[in-house]
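> First the structure, which I've put down as structure tokens, then a few questions once you've had a look.
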Number of protein chains: 4
Amino acid sequence: MTDVAIVGASGYTGLELIKIVHTHPKFNLTYVANSEGDTTVQELHPSLQNVVDMEVQKADPKEIAKVSQLCFLALPHKTAMGFAKELLALGVKVVDLSADYRLELETYEKHYCPHEDKQNLPNAVYGLPEFYKNDIKKANLVANPGCYPTAALLALLPFVQSIQEDSNIFIDAKSGVSGAGKKLVETTQFVTVNDNIFAYNPMKHRHGPEINEKIQLLENKQFNISFVPQLIPVTRGMMVNVYATLNQEVNVKELLKSHYKNSPFVRIKNKPVDIKSVSGTNFCDIFVEQNGNALFINATIDNLLRGASSQAVVNANLMCGYEEGLGINTLAYVP
Amino acid sequence: MTDVAIVGASGYTGLELIKIVHTHPKFNLTYVANSEGDTTVQELHPSLQNVVDMEVQKADPKEIAKVSQLCFLALPHKTAMGFAKELLALGVKVVDLSADYRLELETYEKHYCPHEDKQNLPNAVYGLPEFYKNDIKKANLVANPGCYPTAALLALLPFVQSIQEDSNIFIDAKSGVSGAGKKLVETTQFVTVNDNIFAYNPMKHRHGPEINEKIQLLENKQFNISFVPQLIPVTRGMMVNVYATLNQEVNVKELLKSHYKNSPFVRIKNKPVDIKSVSGTNFCDIFVEQNGNALFINATIDNLLRGASSQAVVNANLMCGYEEGLGINTLAYVP
Amino acid sequence: MTDVAIVGASGYTGLELIKIVHTHPKFNLTYVANSEGDTTVQELHPSLQNVVDMEVQKADPKEIAKVSQLCFLALPHKTAMGFAKELLALGVKVVDLSADYRLELETYEKHYCPHEDKQNLPNAVYGLPEFYKNDIKKANLVANPGCYPTAALLALLPFVQSIQEDSNIFIDAKSGVSGAGKKLVETTQFVTVNDNIFAYNPMKHRHGPEINEKIQLLENKQFNISFVPQLIPVTRGMMVNVYATLNQEVNVKELLKSHYKNSPFVRIKNKPVDIKSVSGTNFCDIFVEQNGNALFINATIDNLLRGASSQAVVNANLMCGYEEGLGINTLAYVP
Amino acid sequence: MTDVAIVGASGYTGLELIKIVHTHPKFNLTYVANSEGDTTVQELHPSLQNVVDMEVQKADPKEIAKVSQLCFLALPHKTAMGFAKELLALGVKVVDLSADYRLELETYEKHYCPHEDKQNLPNAVYGLPEFYKNDIKKANLVANPGCYPTAALLALLPFVQSIQEDSNIFIDAKSGVSGAGKKLVETTQFVTVNDNIFAYNPMKHRHGPEINEKIQLLENKQFNISFVPQLIPVTRGMMVNVYATLNQEVNVKELLKSHYKNSPFVRIKNKPVDIKSVSGTNFCDIFVEQNGNALFINATIDNLLRGASSQAVVNANLMCGYEEGLGINTLAYVP
């Protein structure tokens with residue numbers, strides 16, 4: 001058994017972490033915190049009444065180190081690195097769900113803010129298990145990928161070597177509203193979203209550079225990637241459509257299958273994917289089709305699970321020597 | 001371990017049964033059937049790809065008896081009693097999710113059709129565990145309650161002795177669309193339901209008599225109950241509001257709490273209930289308020305789980321000597 | 001032609017007023033204001049680009065009086081009465097969409113705040129045209145009813161003399177989210193409302209006393225009315241179900257028909273009503289059913305139109321001597 | 001005044017046609033038909049109770065010719081050309097909302113079926129007013145464009161000369177469910193669509209060739225266009241995202257503005273477009289952005305109006321010598 005802590009319990013990803021850890025056969029939840037403390041898990045999340053009964057502390061790294069070997073950080077960027085730094089110094093393994101350790105220093109500081117933990121940043125492992133499993137197993141600090149990059153990279157990486165170097169790659173992505181978090185803004189109001197769809201920060205969203213950087217690091221290729229995120233009237237789930245131009249004749253369906261033949265949480269589909277078949281699970285479903293040299297890759301994930309909390313627990317499993325799928329739900333909420 | 005069969009695998013409740021039994025620690029799924037057979041669980045329910053891999057048979061009681069000790073019937077009424085009769089004769093315990101064994105003979109034949117298994121009908125136990133637990137433990141045939149009656153009875157029964165005898169009881173109920181099943185009809189089309197709400201069969205729905213009969217059997221009281229079911233633009237979940245007139249001064253909140261103090265799957269709430277806190281679970285959440293002698297009881301359940309499949313598995317647990325909550329999900333899908 | 005002003009242009013009801021007045025054959029929109037001014041109608045409501053091009057002023061009664069004969073106030077309560085008082089003194093007719101002039105002094109001060117325009121309050125006419133048409137025609141100040149009371153009173157008033165005096169009346173009401181206005185609160189977030197339904201302030205909402213008072217004033221009857229408002233995942237539209245106990249044998253369908261035989265904006269339906277058939281219109285659709293002495297009345301309106309802005313324009317039509325339906329949309333948004 | 005007929009009154013586009021013609025100042029609705037007849041407009045569309053009261057005939061061209069100068073055909077393809085042929089022979093102008101006269105003979109027969117009115121096909125004018133206005137004015141037969149091609153062509157045509165000839169163009173399109181019509185199929189069930197999104201016939205949908213052909217005819221350019229239609233949980237409205245690669249430096253925002261400076265029903269937006277700002281109107285809203293030589297065009301329409309019925313009435317206006325915007329709604333349903 002491993003004793004674990006969750007910091008950032010108030011948000012959607014915090015709730016999902018609590019739910020997964022609560023039923024996990026090897027993780028023992030010993031500490032839950034948010035920024036104010038002085039409350040309980042049930043007051044934050046009334047749906048947990050009669051199920052999980054714990055006090056919520058004001059987050060304190062020293063207290064965490066006393067009772068946990070691993071800590072999940074579900075905090076805003078910038079806040080997260082302050083905690084991670086201290087926790088690592090105290091010997092606590094960290095899975096960070098923020099952007100703070102996802103990017104190379106230069107990319108991070110260009111798109112976010114000055115980095116305040118340059119010491120640990122080079123040792124952080126990008127927590128996409130399909131591509132970094134061995135590094136994750138040895139890591140003390142894992143940077144859990146963003147939801148859009150998780151789906152986009154799982155869709156795109158198998159095809160990178162088959163795409164024309166000088167061509168444009170377009171990523172048309174649609175996210176459920178929970179991806180925007182709990183902050184009260186007009187764009188997440190029911191009346192704004194219901195019966196609607198709209199793009200936000202098209203061609204300019206910060207997840208674009210994250211996708212770009214990983215493709216370069218993993219495949220040594222550079223593309224002009226255009227990323228268009230959109231909000232759809234759906235609570236959870238995300239669909240990412242990738243459009244690109246092939247540089248060669250290739251059986252795209254076979255290429256995809258062979259790439260993920262040993263990946264338990266990627267499912268290759270014969271028909272276009274949908275959100276409901278993955279909502280509630282850690283699966284990424286992928287479908288691919290071509291039209292001449294035009295390539296269409298169609299991927300779905302649960303933005304709060306595979307795009308955040310269940311992927312974080314898979315990473316924690318690997319960091320603690322457990323089987324990667326331990327305690328991870330595979331049954332979608334369908335219908 | 002108990003070997004179990006599921007007949008009626010194509011519908012929503014069939015899918016939920018498969019999901020619960022698949023992860024249940026003591027039930028071993030040995031047989032899955034629908035009316036045609038010759039398919040697989042994954043073809044019927046693509047979300048189960050890579051998770052549950054079983055052939056789906058054309059339902060045959062003799063085959064079921066060879067491989068199972070208990071069978072769930074998720075079939076239309078009338079079809080169900082044909083199977084139940086044969087299975088019981090072959091020594092297989094049955095949890096029937098149809099209406100066939102829920103009612104006294106006379107009530108059944110008035111609202112449904114002639115009954116074709118009058119031999120077993122008197123021995124069927126009504127599967128509402130909060131009120132029939134001991135009988136269920138000894139039963140070979142359990143009639144799983146309808147979704148509306150489950151919520152309405154759990155809301156109403158604690159108060160029956162405190163309600164004016166000659167007064168009207170009104171039940172205003174709202175169901176998610178999955179409650180209508182998979183049949184293609186105009187009322188369950190997206191365009192019909194989205195941004196809409198409407199009643200159907202108000203004051204005349206067949207779940208009205210089921211509620212009435214159980215109140216009389218359990219509490220020996222008879223009321224003029226008016227039942228108004230409505231469809232709301234929600235996939236799963238159900239809210240039942242009961243309006244009645246009290247016959248005495250009574251602390252309704254205390255009465256409710258004391259009534260369910262030993263019921264793990266009923267949660268008493270201090271605020272009005274909502275659907276999302278129970279969707280995905282077997283909980284019935286109940287809130288109560290009064291205004292003079294006017295009584296308002298406000299209850300929610302997941303119509304496919306507490307209103308069908310998870311309640312069926314709770315019944316099966318009791319019939320097989322297991323703890324009632326074994327393998328039953330308590331974590332809501334929230335957000 | 002009548003020159004009119006709209007004060008409170010930022011909200012949903014302000015937008016609906018602008019849209020109706022813009023296409024109205026006899027109203028000429030001369031002045032639009034909100035609390036800050038210094039913007040345009042298109043900046044507040046981008047959907048009006050290329051359609052309505054007007055500056056939005058900081059509201060000033062003297063300026064209004066210079067350019068308008070009638071003013072719509074779509075303001076919060078308390079703010080509204082300050083403007084109404086000044087406008088009336090300057091000879092401008094007022095249709096007030098707030099609660100400020102809807103109630104008798106005592107009822108108002110009990111449920112809202114001290115009243116600051118006791119001089120005009122007794123002269124305000126309650127703007128429910130089916131019951132106060134002649135008074136509205138002569139009024140300088142009309143208090144536009146709330147959305148819940150509009151639907152509840154239209155449903156209930158025809159039956160008041162047929163309901164048992166000492167019995168409870170229950171009003172189970174469901175509103176689309178736009179009824180809660182544009183204020184950013186957790187209960188109107190998409191994630192909170194989608195796939196959900198919940199009651200708020202059950203038995204205690206301030207629209208309860210408004211319904212009670214009008215029944216007493218119009219029909220000289222007093223009941224214990226219990227009002228339970230609920231939010232449903234719908235943008236606009238409202239359904240109100242009234243449950244009561246009859247005091248006599250009466251043909252409820254005929255009673256309803258005869259009551260509204262001269263009311264162009266009330267439609268009696270042979271089937272349960274739905275929201276989509278009235279959304280976009282000023283209609284109130286009503287269906288009635290009985291079960292012994294139990295009475296069920298089922299009514300729908302568009303909460304922003306019949307429950308606010310189009311009813312306000314009907315009132316303005318009557319106050320200005322025009323035909324009541326002039327410029328009022330009768331075509332629902334269906335599908 | 002022009003007397004007009006509507007054939008195909010049962011579907012969504014038939015309903016929209018009835019609503020527009022009913023309030024149109026110059027069109028007089030003299031005849032309404034569907035395939036069976038023997039019903040009324042209100043029985044088909046209960047929301048029209050007390051508003052439009054007409055009998056619905058079994059469609060008969062000779063009867064139509066007696067009472068109408070122009071006929072709208074809202075029929076399935078193949079059925080439509082049978083009626084069009086007869087009506088034209090009888091001197092009735094036709095606006096056909098089906099696919100039957102949209103394509104060149106060869107393209108049509110490849111993607112649909114053998115053409116049965118080769119005589120009139122060459123004289124049919126493609127009813128996209130922004131590009132064929134003068135031809136429409138002189139036409140007796142107008143082929144109303146499909147909803148996807150309407151939005152895609154309005155988005156793409158201004159840029160065709162600025163796009164690399166050998167590059168791929170990708171069209172990622174999302175449609176509200178009403179676009180699929182009223183036929184009862186599993187993909188339009190509420191439970192299937194709610195909280196979901198999925199592509200159908202990606203890279204293979206029949207609207208792809210329609211887009212391709214018009215670009216070639218109007219701009220003499222040929223591209224490999226990949227078209228991916230998707231269903232979103234929205235009743236009406238459609239968003240089309242076009243992704244392409246520019247062949248030159250060009251100010252895309254200025255290019256778009258200048259292209260549509262005289263088009264009253266195209267609005268150029270400074271922010272990404274949304275569906276709700278156009279639902280209920282004939283507008284096409286367009287936003288454009290670039291990233292290096294990557295081009296993103298973002299367009300929305302109401303699929304039932306600009307994508308069908310209101311565009312049909314605009315065409316009819318032009319064919320009859322009226323101003324193109326006569327009787328066309330410009331006020332969106334927002335909120």
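Lettering and numbering for the structure tokens are positional, with chains as A, B, ... in the shown order, residues counted from 1 in each chain, and ligands counted from 1 in the shown order.
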Considering only strand (DSSP E or B) as DSSP defines it on the backbone, what residues of range 78-324 of chain B qualify? List them as a PyMOL selection string.
chain B and resi 93-96+125-126+141-143+163+168-175+189+198-199+224-231+238-246+266-268+274+284-291+294-301
> For the interface of chain D with chain C (cut-off 8 Å, counting only C-alpha atoms), please tabulate each contacting residue of chain D alongside its nearest pair of atoms and their separation in Å to one decimal, rows sorted by chain and increasing number, as JSON lines.

```
{"residue": "D:Tyr12", "atom": "CA", "partner": "C:Pro335", "partner_atom": "CA", "distance": 6.9}
{"residue": "D:Lys19", "atom": "CA", "partner": "C:Leu331", "partner_atom": "CA", "distance": 6.8}
{"residue": "D:Pro46", "atom": "CA", "partner": "C:Ser277", "partner_atom": "CA", "distance": 7.2}
{"residue": "D:Ser47", "atom": "CA", "partner": "C:Ser277", "partner_atom": "CA", "distance": 4.5}
{"residue": "D:Leu48", "atom": "CA", "partner": "C:Leu331", "partner_atom": "CA", "distance": 6.9}
{"residue": "D:Gln49", "atom": "CA", "partner": "C:Arg267", "partner_atom": "CA", "distance": 7.8}
{"residue": "D:Asn50", "atom": "CA", "partner": "C:Arg267", "partner_atom": "CA", "distance": 7.5}
{"residue": "D:Val51", "atom": "CA", "partner": "C:Thr330", "partner_atom": "CA", "distance": 6.7}
{"residue": "D:Ser178", "atom": "CA", "partner": "C:Pro335", "partner_atom": "CA", "distance": 7.5}
{"residue": "D:Thr235", "atom": "CA", "partner": "C:Pro335", "partner_atom": "CA", "distance": 7.2}
{"residue": "D:Arg236", "atom": "CA", "partner": "C:Pro335", "partner_atom": "CA", "distance": 7.7}
{"residue": "D:Arg267", "atom": "CA", "partner": "C:Asn50", "partner_atom": "CA", "distance": 7.5}
{"residue": "D:Lys276", "atom": "CA", "partner": "C:Ser47", "partner_atom": "CA", "distance": 7.9}
{"residue": "D:Ser277", "atom": "CA", "partner": "C:Ser47", "partner_atom": "CA", "distance": 4.5}
{"residue": "D:Val278", "atom": "CA", "partner": "C:Ser47", "partner_atom": "CA", "distance": 7.0}
{"residue": "D:Gly280", "atom": "CA", "partner": "C:Tyr333", "partner_atom": "CA", "distance": 7.6}
{"residue": "D:Thr330", "atom": "CA", "partner": "C:Val51", "partner_atom": "CA", "distance": 6.7}
{"residue": "D:Leu331", "atom": "CA", "partner": "C:Lys19", "partner_atom": "CA", "distance": 6.8}
{"residue": "D:Ala332", "atom": "CA", "partner": "C:Ser47", "partner_atom": "CA", "distance": 6.4}
{"residue": "D:Tyr333", "atom": "CA", "partner": "C:Gly280", "partner_atom": "CA", "distance": 7.6}
{"residue": "D:Val334", "atom": "CA", "partner": "C:Ser47", "partner_atom": "CA", "distance": 7.3}
{"residue": "D:Pro335", "atom": "CA", "partner": "C:Tyr12", "partner_atom": "CA", "distance": 6.9}
```
> Using only N, CA and C atoms, please write the residues we just selected to a file, as a compact mmCIF listing (two decimals), in the first residue's frame.

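Okay, this is what ended up in result.txt:
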```txt
# COMPACT_ATOMS: atom_id res chain seq x y z
N TYR D 12 -39.22 19.50 -41.08
CA TYR D 12 -38.77 20.72 -40.42
C TYR D 12 -38.69 21.89 -41.40
N LYS D 19 -43.97 29.08 -41.82
CA LYS D 19 -43.84 30.21 -40.90
C LYS D 19 -43.38 31.48 -41.62
N PRO D 46 -48.47 21.19 -34.15
CA PRO D 46 -49.38 21.73 -33.12
C PRO D 46 -48.99 23.14 -32.65
N SER D 47 -47.73 23.53 -32.81
CA SER D 47 -47.36 24.88 -32.36
C SER D 47 -48.06 25.96 -33.18
N LEU D 48 -48.64 25.59 -34.32
CA LEU D 48 -49.32 26.58 -35.16
C LEU D 48 -50.79 26.75 -34.79
N GLN D 49 -51.25 26.04 -33.77
CA GLN D 49 -52.65 26.21 -33.33
C GLN D 49 -52.96 27.69 -33.10
N ASN D 50 -54.11 28.11 -33.56
CA ASN D 50 -54.56 29.52 -33.45
C ASN D 50 -53.74 30.49 -34.30
N VAL D 51 -52.84 30.00 -35.10
CA VAL D 51 -51.99 30.90 -35.89
C VAL D 51 -52.19 30.67 -37.39
N SER D 178 -31.49 18.70 -36.19
CA SER D 178 -32.61 18.90 -37.11
C SER D 178 -32.17 18.72 -38.56
N THR D 235 -30.21 21.55 -31.42
CA THR D 235 -31.34 21.33 -32.31
C THR D 235 -31.11 21.94 -33.68
N ARG D 236 -30.77 23.22 -33.72
CA ARG D 236 -30.59 23.87 -35.02
C ARG D 236 -29.33 24.71 -35.01
N ARG D 267 -22.36 38.44 -42.43
CA ARG D 267 -21.77 39.35 -41.45
C ARG D 267 -20.34 38.93 -41.15
N LYS D 276 -25.60 30.53 -31.90
CA LYS D 276 -26.79 31.19 -31.36
C LYS D 276 -27.00 32.59 -31.93
N SER D 277 -25.94 33.22 -32.42
CA SER D 277 -26.11 34.56 -32.99
C SER D 277 -26.76 34.53 -34.37
N VAL D 278 -26.84 33.34 -34.98
CA VAL D 278 -27.50 33.25 -36.29
C VAL D 278 -28.78 32.40 -36.25
N GLY D 280 -32.29 31.27 -36.13
CA GLY D 280 -33.52 32.04 -36.29
C GLY D 280 -33.42 33.06 -37.41
N THR D 330 -34.30 38.72 -39.25
CA THR D 330 -32.89 39.03 -38.97
C THR D 330 -32.59 39.01 -37.47
N LEU D 331 -33.59 38.68 -36.66
CA LEU D 331 -33.41 38.69 -35.20
C LEU D 331 -33.19 37.27 -34.69
N ALA D 332 -32.00 37.01 -34.19
CA ALA D 332 -31.67 35.67 -33.70
C ALA D 332 -32.50 35.30 -32.48
N TYR D 333 -32.63 33.97 -32.23
CA TYR D 333 -33.40 33.50 -31.09
C TYR D 333 -32.70 33.78 -29.75
N VAL D 334 -31.45 34.21 -29.81
CA VAL D 334 -30.69 34.50 -28.58
C VAL D 334 -31.54 35.21 -27.55
N PRO D 335 -31.51 34.95 -26.27
CA PRO D 335 -30.73 33.84 -25.69
C PRO D 335 -31.44 32.53 -25.96
```
> Name the residues of range 102-223 of chain A that fall into alpha helix (DSSP H) according to DSSP on the backbone, using the chain letters and numbers of this document, as JSON, numbers by chain.
{"A": [105, 106, 107, 108, 109, 110, 111, 129, 130, 131, 132, 133, 134, 135, 136, 137, 138, 147, 148, 149, 150, 151, 152, 153, 154, 155, 156, 190, 191, 192, 193, 207, 208, 209, 210, 211, 212, 213, 214, 215, 216, 217, 218, 219]}
> If you measure from CA of Asp135 in chain A to CA of Lys93 in chain A, what distance in Å do you get, rounded to one decimal?
14.0 Å
> Excluding Gly8 in chain D and its own-chain neighbours fewer than 3 positions away, which residues fall within 8 Å of it when counting only C-alpha atoms? Please give them as a PDB file with N, CA and C atoms, in the first residue's frame.

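Result file result-v1.pdb:
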```
ATOM      1  N   GLY D  11     -42.149  18.067 -42.800  1.00  0.00           N
ATOM      2  CA  GLY D  11     -40.804  18.095 -42.225  1.00  0.00           C
ATOM      3  C   GLY D  11     -40.456  19.430 -41.589  1.00  0.00           C
ATOM      4  N   GLY D  14     -40.334  22.221 -44.176  1.00  0.00           N
ATOM      5  CA  GLY D  14     -41.702  22.583 -44.539  1.00  0.00           C
ATOM      6  C   GLY D  14     -42.316  23.518 -43.511  1.00  0.00           C
ATOM      7  N   VAL D  32     -51.016  23.969 -49.401  1.00  0.00           N
ATOM      8  CA  VAL D  32     -50.022  23.243 -48.610  1.00  0.00           C
ATOM      9  C   VAL D  32     -50.268  21.761 -48.805  1.00  0.00           C
ATOM     10  N   ALA D  33     -49.201  21.005 -49.047  1.00  0.00           N
ATOM     11  CA  ALA D  33     -49.391  19.578 -49.314  1.00  0.00           C
ATOM     12  C   ALA D  33     -48.278  18.747 -48.694  1.00  0.00           C
ATOM     13  N   ASN D  34     -48.610  17.498 -48.429  1.00  0.00           N
ATOM     14  CA  ASN D  34     -47.568  16.498 -48.148  1.00  0.00           C
ATOM     15  C   ASN D  34     -47.910  15.243 -48.955  1.00  0.00           C
ATOM     16  N   SER D  35     -47.296  14.122 -48.663  1.00  0.00           N
ATOM     17  CA  SER D  35     -47.486  12.970 -49.550  1.00  0.00           C
ATOM     18  C   SER D  35     -48.815  12.255 -49.323  1.00  0.00           C
ATOM     19  N   LEU D  73     -40.610  23.201 -53.082  1.00  0.00           N
ATOM     20  CA  LEU D  73     -40.610  21.748 -52.918  1.00  0.00           C
ATOM     21  C   LEU D  73     -39.661  21.358 -51.796  1.00  0.00           C
ATOM     22  N   ALA D  74     -40.214  20.891 -50.689  1.00  0.00           N
ATOM     23  CA  ALA D  74     -39.404  20.432 -49.547  1.00  0.00           C
ATOM     24  C   ALA D  74     -39.559  18.923 -49.449  1.00  0.00           C
ATOM     25  N   LEU D  75     -39.051  18.255 -50.459  1.00  0.00           N
ATOM     26  CA  LEU D  75     -39.260  16.820 -50.624  1.00  0.00           C
ATOM     27  C   LEU D  75     -37.926  16.091 -50.660  1.00  0.00           C
TER      28      LEU D  75
END
```
> Please provide as a ChimeraX atom specification all residues within 7 Å of Asp172 in chain C, with the sequence filter that same-chain residues fewer than 3 positions apart are discarded (counting only C-alpha atoms).
/C:227-229,240-242
> Those selected residues, please, written with C-alpha atoms and delivered as a PDB file, in the first residue's frame.

```pdb
ATOM      1  CA  PHE C 227     -44.820  26.750  -4.548  1.00  0.00           C
ATOM      2  CA  VAL C 228     -41.813  24.675  -5.649  1.00  0.00           C
ATOM      3  CA  PRO C 229     -39.669  26.249  -8.390  1.00  0.00           C
ATOM      4  CA  VAL C 240     -46.147  25.132 -14.262  1.00  0.00           C
ATOM      5  CA  ASN C 241     -48.108  22.169 -12.886  1.00  0.00           C
ATOM      6  CA  VAL C 242     -50.877  23.003 -10.449  1.00  0.00           C
TER       7      VAL C 242
END
```
> Near Ser167 in chain A, counting only C-alpha atoms, which residues have an atom at most 10 Å away, once you skip same-chain residues fewer than 3 positions from it, shown as a ChimeraX atom specification?
/A:163-164,170,223-225,244-247 /D:167-168,245,293-294
> Atoms to include: all heavy atoms. Write the selected residues as a short mmCIF file (atom, residue, chain, number, x, y, z; two decimals), in the first residue's frame.

```
data_model
loop_
_atom_site.label_atom_id
_atom_site.label_comp_id
_atom_site.auth_asym_id
_atom_site.auth_seq_id
_atom_site.Cartn_x
_atom_site.Cartn_y
_atom_site.Cartn_z
N ILE A 163 3.94 12.33 -42.55
CA ILE A 163 3.31 13.61 -42.91
C ILE A 163 4.32 14.51 -43.61
O ILE A 163 5.49 14.57 -43.22
CB ILE A 163 2.75 14.30 -41.65
CG1 ILE A 163 1.58 13.46 -41.09
CG2 ILE A 163 2.28 15.71 -41.96
CD1 ILE A 163 1.04 13.95 -39.77
N GLN A 164 3.86 15.19 -44.67
CA GLN A 164 4.73 16.11 -45.43
C GLN A 164 5.34 17.16 -44.52
O GLN A 164 4.64 17.84 -43.79
CB GLN A 164 3.91 16.82 -46.51
CG GLN A 164 3.68 15.99 -47.76
CD GLN A 164 3.00 16.80 -48.86
OE1 GLN A 164 3.04 18.03 -48.85
NE2 GLN A 164 2.39 16.09 -49.79
N PHE A 170 -3.62 20.72 -39.06
CA PHE A 170 -4.72 21.44 -38.41
C PHE A 170 -5.35 20.56 -37.34
O PHE A 170 -5.65 19.39 -37.61
CB PHE A 170 -5.79 21.81 -39.45
CG PHE A 170 -5.27 22.68 -40.56
CD1 PHE A 170 -4.95 22.14 -41.80
CD2 PHE A 170 -5.09 24.04 -40.37
CE1 PHE A 170 -4.47 22.94 -42.83
CE2 PHE A 170 -4.62 24.86 -41.40
CZ PHE A 170 -4.30 24.30 -42.63
N PHE A 223 6.46 21.06 -37.43
CA PHE A 223 5.38 21.41 -38.35
C PHE A 223 4.78 22.74 -37.96
O PHE A 223 4.98 23.21 -36.83
CB PHE A 223 4.26 20.35 -38.29
CG PHE A 223 4.70 18.97 -38.69
CD1 PHE A 223 5.04 18.04 -37.73
CD2 PHE A 223 4.77 18.61 -40.03
CE1 PHE A 223 5.44 16.76 -38.08
CE2 PHE A 223 5.16 17.33 -40.39
CZ PHE A 223 5.51 16.41 -39.42
N ASN A 224 4.06 23.33 -38.88
CA ASN A 224 3.23 24.48 -38.54
C ASN A 224 1.88 23.92 -38.11
O ASN A 224 1.05 23.57 -38.95
CB ASN A 224 3.09 25.43 -39.73
CG ASN A 224 2.33 26.69 -39.36
OD1 ASN A 224 2.42 27.17 -38.23
ND2 ASN A 224 1.56 27.22 -40.31
N ILE A 225 1.69 23.80 -36.81
CA ILE A 225 0.46 23.21 -36.29
C ILE A 225 -0.51 24.32 -35.91
O ILE A 225 -0.17 25.23 -35.16
CB ILE A 225 0.76 22.32 -35.06
CG1 ILE A 225 1.61 21.12 -35.50
CG2 ILE A 225 -0.53 21.85 -34.41
CD1 ILE A 225 1.89 20.12 -34.38
N ALA A 244 -4.12 16.43 -41.84
CA ALA A 244 -2.75 16.59 -42.30
C ALA A 244 -2.62 16.02 -43.70
O ALA A 244 -3.56 15.43 -44.24
CB ALA A 244 -1.79 15.89 -41.35
N THR A 245 -1.43 16.21 -44.29
CA THR A 245 -1.16 15.75 -45.65
C THR A 245 -0.04 14.72 -45.61
O THR A 245 1.05 15.00 -45.09
CB THR A 245 -0.77 16.94 -46.54
OG1 THR A 245 -1.85 17.89 -46.53
CG2 THR A 245 -0.49 16.50 -47.96
N LEU A 246 -0.33 13.52 -46.15
CA LEU A 246 0.64 12.42 -46.11
C LEU A 246 1.77 12.65 -47.12
O LEU A 246 1.57 13.26 -48.18
CB LEU A 246 -0.06 11.10 -46.41
CG LEU A 246 -1.08 10.65 -45.35
CD1 LEU A 246 -1.97 9.53 -45.91
CD2 LEU A 246 -0.35 10.16 -44.09
N ASN A 247 2.95 12.13 -46.79
CA ASN A 247 4.10 12.26 -47.71
C ASN A 247 4.35 10.98 -48.49
O ASN A 247 5.30 10.89 -49.24
CB ASN A 247 5.35 12.68 -46.93
CG ASN A 247 5.75 11.62 -45.90
OD1 ASN A 247 5.21 10.51 -45.89
ND2 ASN A 247 6.67 11.97 -45.02
N SER D 167 -2.68 21.87 -52.64
CA SER D 167 -2.82 21.58 -51.20
C SER D 167 -4.19 20.98 -50.88
O SER D 167 -5.13 21.07 -51.67
CB SER D 167 -2.61 22.85 -50.39
OG SER D 167 -3.72 23.71 -50.54
N ASN D 168 -4.27 20.41 -49.71
CA ASN D 168 -5.55 19.88 -49.24
C ASN D 168 -6.37 20.98 -48.57
O ASN D 168 -5.83 21.82 -47.87
CB ASN D 168 -5.31 18.77 -48.21
CG ASN D 168 -4.92 17.46 -48.86
OD1 ASN D 168 -5.67 16.93 -49.66
ND2 ASN D 168 -3.74 16.95 -48.54
N THR D 245 -4.31 26.12 -46.99
CA THR D 245 -2.96 26.68 -47.01
C THR D 245 -2.90 27.78 -48.07
O THR D 245 -3.23 27.54 -49.24
CB THR D 245 -1.95 25.56 -47.34
OG1 THR D 245 -2.05 24.55 -46.32
CG2 THR D 245 -0.52 26.11 -47.37
N ASN D 293 1.08 30.54 -43.24
CA ASN D 293 0.25 30.33 -44.43
C ASN D 293 -0.95 29.42 -44.16
O ASN D 293 -1.63 28.98 -45.09
CB ASN D 293 1.10 29.81 -45.60
CG ASN D 293 1.58 28.38 -45.36
OD1 ASN D 293 1.41 27.84 -44.27
ND2 ASN D 293 2.19 27.78 -46.37
N ALA D 294 -1.18 29.14 -42.87
CA ALA D 294 -2.35 28.33 -42.51
C ALA D 294 -3.56 29.23 -42.36
O ALA D 294 -3.50 30.26 -41.68
CB ALA D 294 -2.09 27.58 -41.20
#
```
> Nearest residue to Ala308 in chain D out of D:Glu130, D:Phe72, D:Glu323, D:Thr188, using only C-alpha atoms?
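Answer, going by the shortest atom-to-atom distance: D:Phe72.
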> Can you list, as a PyMOL selection string, every protein, DNA or RNA residue that comes within 10 Å of Leu103 in chain B when you count only C-alpha atoms, leaving out same-chain residues fewer than 6 positions away?
chain B and resi 109+111+121-122+124-126+143+145+209-211+213-214
